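Structure file query07.pdb; described as PDB, C-alpha atoms.
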```pdb
MODEL        1
ATOM      1  CA  MET A   1     -26.348 -97.721 -34.332
ATOM      2  CA  SER A   2     -29.005 -96.758 -36.895
ATOM      3  CA  PRO A   3     -27.976 -94.877 -40.072
ATOM      4  CA  ALA A   4     -29.827 -91.745 -38.869
ATOM      5  CA  ALA A   5     -28.240 -91.700 -35.405
ATOM      6  CA  SER A   6     -25.683 -89.026 -34.596
ATOM      7  CA  ALA A   7     -22.025 -90.099 -34.537
ATOM      8  CA  LEU A   8     -20.892 -86.923 -32.748
ATOM      9  CA  ASP A   9     -21.095 -86.378 -29.011
ATOM     10  CA  LEU A  10     -21.790 -82.665 -29.170
ATOM     11  CA  ALA A  11     -22.779 -82.634 -25.502
ATOM     12  CA  ALA A  12     -19.233 -83.709 -24.605
ATOM     13  CA  PHE A  13     -17.897 -81.059 -26.989
ATOM     14  CA  ARG A  14     -20.013 -78.313 -25.448
ATOM     15  CA  SER A  15     -18.958 -79.251 -21.914
ATOM     16  CA  ALA A  16     -15.225 -79.438 -22.723
ATOM     17  CA  PRO A  17     -13.316 -76.346 -21.548
ATOM     18  CA  LEU A  18     -11.755 -74.005 -24.090
ATOM     19  CA  VAL A  19      -8.138 -73.557 -23.024
ATOM     20  CA  ARG A  20      -6.758 -70.104 -23.855
ATOM     21  CA  GLU A  21      -3.026 -70.560 -23.299
ATOM     22  CA  PRO A  22      -0.772 -70.746 -25.240
ATOM     23  CA  TYR A  23      -3.628 -70.269 -27.739
ATOM     24  CA  GLU A  24      -7.303 -71.231 -27.909
ATOM     25  CA  TYR A  25      -7.825 -74.991 -28.146
ATOM     26  CA  LEU A  26      -9.819 -77.870 -26.734
ATOM     27  CA  ILE A  27      -9.400 -81.623 -26.626
ATOM     28  CA  VAL A  28     -12.409 -83.951 -26.545
ATOM     29  CA  PRO A  29     -11.729 -87.680 -26.073
ATOM     30  CA  GLY A  30     -14.830 -89.568 -27.188
ATOM     31  CA  PHE A  31     -16.019 -86.852 -29.566
ATOM     32  CA  LEU A  32     -17.153 -89.733 -31.746
ATOM     33  CA  LYS A  33     -19.587 -91.986 -29.924
ATOM     34  CA  ALA A  34     -18.306 -95.456 -29.073
ATOM     35  CA  GLU A  35     -21.120 -97.162 -30.979
ATOM     36  CA  ALA A  36     -20.184 -95.271 -34.166
ATOM     37  CA  LEU A  37     -16.467 -96.067 -34.251
ATOM     38  CA  ALA A  38     -16.507 -99.549 -35.775
ATOM     39  CA  ALA A  39     -18.653 -98.540 -38.755
ATOM     40  CA  ILE A  40     -16.728 -95.328 -39.437
ATOM     41  CA  ASN A  41     -13.383 -97.108 -39.258
ATOM     42  CA  ALA A  42     -14.638 -99.883 -41.529
ATOM     43  CA  ASP A  43     -15.744 -97.274 -44.073
ATOM     44  CA  TYR A  44     -12.580 -95.159 -43.787
ATOM     45  CA  PRO A  45     -10.971 -94.538 -47.220
ATOM     46  CA  LYS A  46      -8.124 -96.845 -48.172
ATOM     47  CA  ILE A  47      -5.048 -94.579 -48.176
ATOM     48  CA  ASP A  48      -1.613 -96.139 -48.541
ATOM     49  CA  LYS A  49       0.369 -92.968 -49.264
ATOM     50  CA  PRO A  50       1.372 -90.099 -46.955
ATOM     51  CA  GLY A  51      -0.157 -86.679 -47.376
ATOM     52  CA  SER A  52      -3.557 -85.023 -47.079
ATOM     53  CA  PHE A  53      -6.240 -85.947 -49.614
ATOM     54  CA  PRO A  54      -9.406 -83.900 -50.270
ATOM     55  CA  SER A  55     -12.310 -85.971 -49.021
ATOM     56  CA  ASP A  56     -14.163 -85.741 -52.337
ATOM     57  CA  THR A  57     -11.278 -87.456 -54.176
ATOM     58  CA  LEU A  58     -11.555 -90.591 -52.029
ATOM     59  CA  SER A  59     -13.828 -93.612 -51.996
ATOM     60  CA  CYS A  60     -15.431 -94.344 -48.663
ATOM     61  CA  GLY A  61     -18.373 -96.186 -47.187
ATOM     62  CA  PRO A  62     -21.672 -94.677 -46.007
ATOM     63  CA  ALA A  63     -20.808 -94.448 -42.302
ATOM     64  CA  PHE A  64     -17.690 -92.387 -43.003
ATOM     65  CA  ALA A  65     -19.549 -90.171 -45.486
ATOM     66  CA  ALA A  66     -22.321 -89.571 -42.943
ATOM     67  CA  PHE A  67     -19.722 -88.649 -40.309
ATOM     68  CA  LEU A  68     -18.187 -86.036 -42.648
ATOM     69  CA  ASP A  69     -21.619 -84.607 -43.440
ATOM     70  CA  GLU A  70     -22.419 -84.310 -39.759
ATOM     71  CA  LEU A  71     -19.021 -82.838 -38.869
ATOM     72  CA  GLY A  72     -19.537 -80.001 -41.349
ATOM     73  CA  GLY A  73     -23.271 -79.719 -40.728
ATOM     74  CA  ALA A  74     -25.311 -76.907 -39.213
ATOM     75  CA  GLU A  75     -25.526 -78.276 -35.660
ATOM     76  CA  SER A  76     -21.799 -78.964 -35.464
ATOM     77  CA  THR A  77     -20.994 -75.562 -36.966
ATOM     78  CA  ALA A  78     -23.211 -73.886 -34.383
ATOM     79  CA  ALA A  79     -21.417 -75.748 -31.576
ATOM     80  CA  PHE A  80     -17.978 -74.703 -32.839
ATOM     81  CA  SER A  81     -19.213 -71.129 -33.357
ATOM     82  CA  ALA A  82     -20.420 -70.921 -29.765
ATOM     83  CA  LYS A  83     -17.221 -72.455 -28.404
ATOM     84  CA  PHE A  84     -14.876 -70.056 -30.203
ATOM     85  CA  GLY A  85     -17.157 -67.017 -30.221
ATOM     86  CA  LEU A  86     -17.315 -66.804 -34.017
ATOM     87  CA  ASP A  87     -20.046 -66.994 -36.650
ATOM     88  CA  LEU A  88     -18.502 -69.870 -38.583
ATOM     89  CA  ALA A  89     -21.626 -70.420 -40.669
ATOM     90  CA  SER A  90     -20.533 -67.505 -42.863
ATOM     91  CA  PHE A  91     -17.213 -69.163 -43.795
ATOM     92  CA  PRO A  92     -16.485 -72.000 -46.242
ATOM     93  CA  THR A  93     -14.837 -75.247 -45.184
ATOM     94  CA  THR A  94     -12.248 -77.685 -46.485
ATOM     95  CA  VAL A  95     -11.966 -81.344 -45.485
ATOM     96  CA  THR A  96      -8.903 -83.539 -45.966
ATOM     97  CA  VAL A  97      -8.141 -87.089 -44.895
ATOM     98  CA  ARG A  98      -4.862 -88.790 -44.001
ATOM     99  CA  GLY A  99      -4.061 -92.452 -43.736
ATOM    100  CA  MET A 100      -0.270 -92.633 -43.540
ATOM    101  CA  CYS A 101       2.443 -90.654 -41.784
ATOM    102  CA  GLN A 102       5.965 -90.092 -43.095
ATOM    103  CA  LYS A 103       9.109 -89.079 -41.262
ATOM    104  CA  LYS A 104       8.965 -85.412 -42.258
ATOM    105  CA  ASP A 105       5.394 -84.968 -41.008
ATOM    106  CA  GLY A 106       4.882 -83.242 -37.700
ATOM    107  CA  ARG A 107       7.307 -80.364 -38.146
ATOM    108  CA  ILE A 108       6.362 -77.354 -36.038
ATOM    109  CA  HIS A 109       3.992 -74.939 -37.800
ATOM    110  CA  THR A 110       0.976 -72.696 -37.162
ATOM    111  CA  ASP A 111      -1.230 -73.562 -40.214
ATOM    112  CA  THR A 112      -1.775 -71.170 -43.097
ATOM    113  CA  ARG A 113      -3.243 -67.717 -42.495
ATOM    114  CA  SER A 114      -6.366 -68.524 -44.501
ATOM    115  CA  LYS A 115      -7.440 -71.048 -41.855
ATOM    116  CA  ILE A 116      -9.668 -69.806 -39.039
ATOM    117  CA  ILE A 117     -10.398 -72.953 -37.035
ATOM    118  CA  THR A 118      -8.634 -76.294 -37.430
ATOM    119  CA  VAL A 119     -10.425 -79.469 -36.343
ATOM    120  CA  LEU A 120      -8.622 -82.817 -36.164
ATOM    121  CA  VAL A 121     -10.520 -86.052 -35.517
ATOM    122  CA  TYR A 122      -8.326 -89.105 -35.039
ATOM    123  CA  MET A 123      -9.341 -92.614 -36.095
ATOM    124  CA  ASN A 124      -6.620 -95.004 -34.856
ATOM    125  CA  PRO A 125      -7.916 -97.924 -32.742
ATOM    126  CA  ALA A 126      -4.927 -97.702 -30.388
ATOM    127  CA  TRP A 127      -1.695 -95.767 -30.073
ATOM    128  CA  GLU A 128       1.411 -96.917 -28.213
ATOM    129  CA  GLU A 129       4.037 -94.929 -30.143
ATOM    130  CA  GLN A 130       5.942 -91.916 -28.805
ATOM    131  CA  GLY A 131       5.820 -90.321 -32.260
ATOM    132  CA  GLY A 132       2.688 -89.077 -33.950
ATOM    133  CA  GLN A 133       1.125 -87.552 -30.817
ATOM    134  CA  LEU A 134       0.310 -83.944 -31.649
ATOM    135  CA  ARG A 135       1.615 -81.366 -29.192
ATOM    136  CA  VAL A 136       0.160 -77.943 -28.454
ATOM    137  CA  LEU A 137       3.367 -75.922 -28.292
ATOM    138  CA  ARG A 138       4.398 -72.721 -26.572
ATOM    139  CA  SER A 139       7.065 -71.759 -29.099
ATOM    140  CA  ALA A 140       8.222 -72.222 -32.671
ATOM    141  CA  ASP A 141      11.431 -74.067 -31.936
ATOM    142  CA  ASP A 142      11.004 -76.419 -28.974
ATOM    143  CA  LEU A 143       8.972 -79.599 -29.388
ATOM    144  CA  GLU A 144       9.465 -80.380 -25.708
ATOM    145  CA  ASP A 145       7.868 -77.133 -24.516
ATOM    146  CA  TYR A 146       4.249 -78.210 -24.819
ATOM    147  CA  ALA A 147       0.997 -77.478 -23.023
ATOM    148  CA  ALA A 148      -0.786 -80.653 -24.121
ATOM    149  CA  GLU A 149      -0.135 -83.841 -26.061
ATOM    150  CA  VAL A 150      -2.896 -85.672 -27.925
ATOM    151  CA  PRO A 151      -2.661 -89.423 -28.594
ATOM    152  CA  PRO A 152      -4.353 -89.920 -31.991
ATOM    153  CA  VAL A 153      -6.790 -92.510 -30.636
ATOM    154  CA  GLU A 154     -10.060 -93.082 -32.484
ATOM    155  CA  GLY A 155     -12.797 -90.616 -31.691
ATOM    156  CA  THR A 156     -10.503 -87.992 -30.140
ATOM    157  CA  LEU A 157     -10.884 -84.391 -31.283
ATOM    158  CA  LEU A 158      -8.424 -81.525 -31.140
ATOM    159  CA  ALA A 159      -9.662 -78.125 -32.307
ATOM    160  CA  PHE A 160      -7.881 -74.778 -32.181
ATOM    161  CA  ARG A 161      -8.106 -71.217 -33.417
ATOM    162  CA  ARG A 162      -5.344 -70.521 -35.897
ATOM    163  CA  SER A 163      -3.060 -67.605 -34.987
ATOM    164  CA  GLU A 164       0.514 -66.463 -35.457
ATOM    165  CA  THR A 165       1.361 -68.395 -32.279
ATOM    166  CA  SER A 166      -0.705 -71.571 -32.795
ATOM    167  CA  PHE A 167       2.415 -73.721 -32.936
ATOM    168  CA  HIS A 168       1.913 -77.473 -33.043
ATOM    169  CA  GLY A 169       3.798 -80.550 -34.182
ATOM    170  CA  HIS A 170       4.724 -84.076 -33.184
ATOM    171  CA  LYS A 171       7.685 -86.405 -32.915
ATOM    172  CA  PRO A 172       8.440 -88.384 -36.092
ATOM    173  CA  PHE A 173       6.383 -91.448 -36.897
ATOM    174  CA  VAL A 174       6.259 -93.630 -40.015
ATOM    175  CA  GLY A 175       3.238 -95.804 -40.653
ATOM    176  CA  PRO A 176      -0.561 -95.799 -40.563
ATOM    177  CA  ARG A 177      -2.010 -92.741 -38.832
ATOM    178  CA  ARG A 178      -5.620 -91.874 -39.571
ATOM    179  CA  VAL A 179      -6.884 -88.329 -39.128
ATOM    180  CA  VAL A 180      -9.657 -86.219 -40.623
ATOM    181  CA  GLN A 181      -9.051 -82.466 -40.813
ATOM    182  CA  LEU A 182     -11.818 -79.905 -41.156
ATOM    183  CA  ASN A 183     -10.984 -76.218 -41.562
ATOM    184  CA  TRP A 184     -13.129 -73.153 -41.695
ATOM    185  CA  VAL A 185     -11.280 -70.776 -43.996
ATOM    186  CA  THR A 186     -11.472 -67.063 -44.703
ATOM    187  CA  ASP A 187     -13.082 -67.121 -48.152
ATOM    188  CA  GLU A 188     -14.050 -69.261 -51.141
ATOM    189  CA  ALA A 189     -10.827 -68.419 -53.000
ATOM    190  CA  SER A 190      -8.800 -69.804 -50.095
ATOM    191  CA  ALA A 191     -10.995 -72.899 -49.956
ATOM    192  CA  ARG A 192     -10.505 -73.504 -53.683
ATOM    193  CA  PHE A 193      -6.756 -72.933 -53.415
ATOM    194  CA  GLU A 194      -6.325 -75.349 -50.494
ATOM    195  CA  THR A 195      -8.436 -78.009 -52.193
ATOM    196  CA  ALA A 196      -6.606 -77.598 -55.496
ATOM    197  CA  ARG A 197      -3.240 -77.792 -53.758
ATOM    198  CA  HIS A 198      -4.148 -81.091 -52.132
ATOM    199  CA  ARG A 199      -5.677 -82.404 -55.383
ATOM    200  CA  VAL A 200      -2.433 -81.757 -57.268
ATOM    201  CA  SER A 201      -0.411 -83.385 -54.504
ATOM    202  CA  ALA A 202      -2.720 -86.421 -54.510
ATOM    203  CA  PHE A 203      -2.472 -86.710 -58.307
ATOM    204  CA  PHE A 204       1.326 -86.839 -58.274
ATOM    205  CA  LYS A 205       1.337 -89.323 -55.402
ATOM    206  CA  LYS A 206      -0.889 -91.634 -57.465
ATOM    207  CA  LEU A 207       1.265 -91.063 -60.542
ATOM    208  CA  ARG A 208       4.433 -92.023 -58.668
ATOM    209  CA  ALA A 209       2.724 -95.101 -57.281
ATOM    210  CA  ALA A 210       1.667 -96.177 -60.782
TER
ENDMDL
END
```
As structure tokens, the full file:
Amino acid sequence: MSPAASALDLAAFRSAPLVREPYEYLIVPGFLKAEALAAINADYPKIDKPGSFPSDTLSCGPAFAAFLDELGGAESTAAFSAKFGLDLASFPTTVTVRGMCQKKDGRIHTDTRSKIITVLVYMNPAWEEQGGQLRVLRSADDLEDYAAEVPPVEGTLLAFRRSETSFHGHKPFVGPRRVVQLNWVTDEASARFETARHRVSAFFKKLRAA
């Protein structure tokens, strides 16, 4: 795959149905093209601590950086805007990266109110575990009452519109679990707050490790 080639299969994204119950979401296996996976995984940031890290605080290779640029780029934004019926180009974005999962991760939540659309792109070569598979839930208190379950296999995308009922979570898992999260958020102040929050968290994780 040449450096200029697209890593995203936006045709597959556009053809994937938007499910509206229990809230608006879609799942796209193969959102990342097969020929792009090896290079992106090889250039994935080295993260040995749990938590979400702002992408600009991490060191990564060129294939991963190009993937992030494309994910937040104009063509991708237009595709997500059309899918969800929103003009996302007018909203700022935040991007965080995870490499490890801890036992407390996966508790049921809806995401913060400042988030408009949440996009998760998984980057794990294989997944055999029961835990760590995100579930689209129908309620706030029953992890078994789910509409869909998403194995976090490399190249798979889950995107949803945040709402007061956008409940999601997963069974506990401890170990490597790679996922990139892109969010369109309501305003620049929210984007700065979310980024700062993750920066502070990342700083203290590094401090504890040292």
Where does the PyMOL selection byres ((chain A and resi 34-50) around 9) land in this file, that is, which residues does it pick, as a ChimeraX atom specification?
/A:1,5-8,30-33,51-53,55,58-67,97-102,105,123-125,154-155,175-176,178,202,205-206,209
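Across the chains present, the PyMOL selection byres ((chain A and resi 149) around 8) applied to this file returns Gln133, Leu134, Arg135, Val136, Tyr146, Ala147, Ala148, Val150 and Pro151 of chain A.
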Kindly save the residues from that selection, with C-alpha atoms included, as a CSV table (one decimal), keeping the file's coordinate frame.
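Writing the result to result37.csv gives the following:
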```csv
chain,number,residue,atom,x,y,z
A,133,GLN,CA,1.1,-87.6,-30.8
A,134,LEU,CA,0.3,-83.9,-31.6
A,135,ARG,CA,1.6,-81.4,-29.2
A,136,VAL,CA,0.2,-77.9,-28.5
A,146,TYR,CA,4.2,-78.2,-24.8
A,147,ALA,CA,1.0,-77.5,-23.0
A,148,ALA,CA,-0.8,-80.7,-24.1
A,150,VAL,CA,-2.9,-85.7,-27.9
A,151,PRO,CA,-2.7,-89.4,-28.6
```
One decimal, in Å: what's the spacing between CA of Ser139 in chain A and CA of Arg107 in chain A?
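Going from CA of Ser139 in chain A over to CA of Arg107 in chain A, I get 12.5 Å.
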Across A:Ser166, A:Ser81, A:Ser76, A:Thr94, the smallest distance to Asp56 in chain A, with only C-alpha atoms counted, is shown by A:Thr94
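Among the candidates A:Leu143, A:Val179, A:Val121, A:Leu88, the one nearest to Ile108 in chain A when counting only C-alpha atoms is A:Leu143.
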Just checking: using all atoms listed in the file, which residue out of A:His109, A:Arg161, A:Lys115, A:Lys103 ends up closest to Lys83 in chain A?
A:Arg161
Please fill the gaps in range 131-155 of chain A so it has N, CA and C atoms, and write that as a PDB file, in the coordinates of the input.
```pdb
ATOM      1  N   GLY A 131       6.029 -91.232 -31.144  1.00  0.00           N
ATOM      2  CA  GLY A 131       5.820 -90.321 -32.260  1.00  0.00           C
ATOM      3  C   GLY A 131       4.359 -90.244 -32.648  1.00  0.00           C
ATOM      4  N   GLY A 132       4.034 -89.203 -33.411  1.00  0.00           N
ATOM      5  CA  GLY A 132       2.688 -89.077 -33.950  1.00  0.00           C
ATOM      6  C   GLY A 132       1.661 -88.516 -32.999  1.00  0.00           C
ATOM      7  N   GLN A 133       2.053 -88.139 -31.780  1.00  0.00           N
ATOM      8  CA  GLN A 133       1.125 -87.552 -30.817  1.00  0.00           C
ATOM      9  C   GLN A 133       1.258 -86.029 -30.871  1.00  0.00           C
ATOM     10  N   LEU A 134       0.234 -85.381 -31.400  1.00  0.00           N
ATOM     11  CA  LEU A 134       0.310 -83.944 -31.649  1.00  0.00           C
ATOM     12  C   LEU A 134       0.467 -83.171 -30.341  1.00  0.00           C
ATOM     13  N   ARG A 135       1.362 -82.186 -30.363  1.00  0.00           N
ATOM     14  CA  ARG A 135       1.615 -81.366 -29.192  1.00  0.00           C
ATOM     15  C   ARG A 135       1.192 -79.920 -29.439  1.00  0.00           C
ATOM     16  N   VAL A 136       0.490 -79.362 -28.476  1.00  0.00           N
ATOM     17  CA  VAL A 136       0.160 -77.943 -28.454  1.00  0.00           C
ATOM     18  C   VAL A 136       1.367 -77.235 -27.849  1.00  0.00           C
ATOM     19  N   LEU A 137       2.045 -76.447 -28.674  1.00  0.00           N
ATOM     20  CA  LEU A 137       3.367 -75.922 -28.292  1.00  0.00           C
ATOM     21  C   LEU A 137       3.325 -74.451 -27.871  1.00  0.00           C
ATOM     22  N   ARG A 138       4.285 -74.099 -27.038  1.00  0.00           N
ATOM     23  CA  ARG A 138       4.398 -72.721 -26.572  1.00  0.00           C
ATOM     24  C   ARG A 138       5.345 -71.881 -27.414  1.00  0.00           C
ATOM     25  N   SER A 139       6.095 -72.512 -28.303  1.00  0.00           N
ATOM     26  CA  SER A 139       7.065 -71.759 -29.099  1.00  0.00           C
ATOM     27  C   SER A 139       7.272 -72.434 -30.446  1.00  0.00           C
ATOM     28  N   ALA A 140       8.012 -71.750 -31.306  1.00  0.00           N
ATOM     29  CA  ALA A 140       8.222 -72.222 -32.671  1.00  0.00           C
ATOM     30  C   ALA A 140       9.403 -73.156 -32.811  1.00  0.00           C
ATOM     31  N   ASP A 141      10.178 -73.344 -31.763  1.00  0.00           N
ATOM     32  CA  ASP A 141      11.431 -74.067 -31.936  1.00  0.00           C
ATOM     33  C   ASP A 141      11.740 -75.093 -30.850  1.00  0.00           C
ATOM     34  N   ASP A 142      10.745 -75.449 -30.038  1.00  0.00           N
ATOM     35  CA  ASP A 142      11.004 -76.419 -28.974  1.00  0.00           C
ATOM     36  C   ASP A 142       9.830 -77.394 -28.860  1.00  0.00           C
ATOM     37  N   LEU A 143      10.016 -78.583 -29.406  1.00  0.00           N
ATOM     38  CA  LEU A 143       8.972 -79.599 -29.388  1.00  0.00           C
ATOM     39  C   LEU A 143       8.705 -80.130 -27.978  1.00  0.00           C
ATOM     40  N   GLU A 144       9.636 -79.904 -27.081  1.00  0.00           N
ATOM     41  CA  GLU A 144       9.465 -80.380 -25.708  1.00  0.00           C
ATOM     42  C   GLU A 144       8.738 -79.368 -24.808  1.00  0.00           C
ATOM     43  N   ASP A 145       8.556 -78.154 -25.298  1.00  0.00           N
ATOM     44  CA  ASP A 145       7.868 -77.133 -24.516  1.00  0.00           C
ATOM     45  C   ASP A 145       6.399 -77.115 -24.918  1.00  0.00           C
ATOM     46  N   TYR A 146       5.629 -78.066 -24.370  1.00  0.00           N
ATOM     47  CA  TYR A 146       4.249 -78.210 -24.819  1.00  0.00           C
ATOM     48  C   TYR A 146       3.264 -78.116 -23.658  1.00  0.00           C
ATOM     49  N   ALA A 147       2.076 -77.626 -24.002  1.00  0.00           N
ATOM     50  CA  ALA A 147       0.997 -77.478 -23.023  1.00  0.00           C
ATOM     51  C   ALA A 147       0.119 -78.711 -22.963  1.00  0.00           C
ATOM     52  N   ALA A 148       0.034 -79.444 -24.069  1.00  0.00           N
ATOM     53  CA  ALA A 148      -0.786 -80.653 -24.121  1.00  0.00           C
ATOM     54  C   ALA A 148      -0.266 -81.557 -25.228  1.00  0.00           C
ATOM     55  N   GLU A 149      -0.499 -82.847 -25.052  1.00  0.00           N
ATOM     56  CA  GLU A 149      -0.135 -83.841 -26.061  1.00  0.00           C
ATOM     57  C   GLU A 149      -1.354 -84.712 -26.298  1.00  0.00           C
ATOM     58  N   VAL A 150      -1.653 -84.993 -27.574  1.00  0.00           N
ATOM     59  CA  VAL A 150      -2.896 -85.672 -27.925  1.00  0.00           C
ATOM     60  C   VAL A 150      -2.595 -87.012 -28.603  1.00  0.00           C
ATOM     61  N   PRO A 151      -2.778 -88.133 -27.915  1.00  0.00           N
ATOM     62  CA  PRO A 151      -2.661 -89.423 -28.594  1.00  0.00           C
ATOM     63  C   PRO A 151      -3.746 -89.513 -29.670  1.00  0.00           C
ATOM     64  N   PRO A 152      -3.382 -89.921 -30.894  1.00  0.00           N
ATOM     65  CA  PRO A 152      -4.353 -89.920 -31.991  1.00  0.00           C
ATOM     66  C   PRO A 152      -5.284 -91.138 -31.973  1.00  0.00           C
ATOM     67  N   VAL A 153      -5.921 -91.345 -30.840  1.00  0.00           N
ATOM     68  CA  VAL A 153      -6.790 -92.510 -30.636  1.00  0.00           C
ATOM     69  C   VAL A 153      -8.181 -92.223 -31.206  1.00  0.00           C
ATOM     70  N   GLU A 154      -8.796 -93.253 -31.778  1.00  0.00           N
ATOM     71  CA  GLU A 154     -10.060 -93.082 -32.484  1.00  0.00           C
ATOM     72  C   GLU A 154     -11.107 -92.338 -31.643  1.00  0.00           C
ATOM     73  N   GLY A 155     -11.742 -91.394 -32.318  1.00  0.00           N
ATOM     74  CA  GLY A 155     -12.797 -90.616 -31.691  1.00  0.00           C
ATOM     75  C   GLY A 155     -12.343 -89.372 -30.972  1.00  0.00           C
TER      76      GLY A 155
END
```
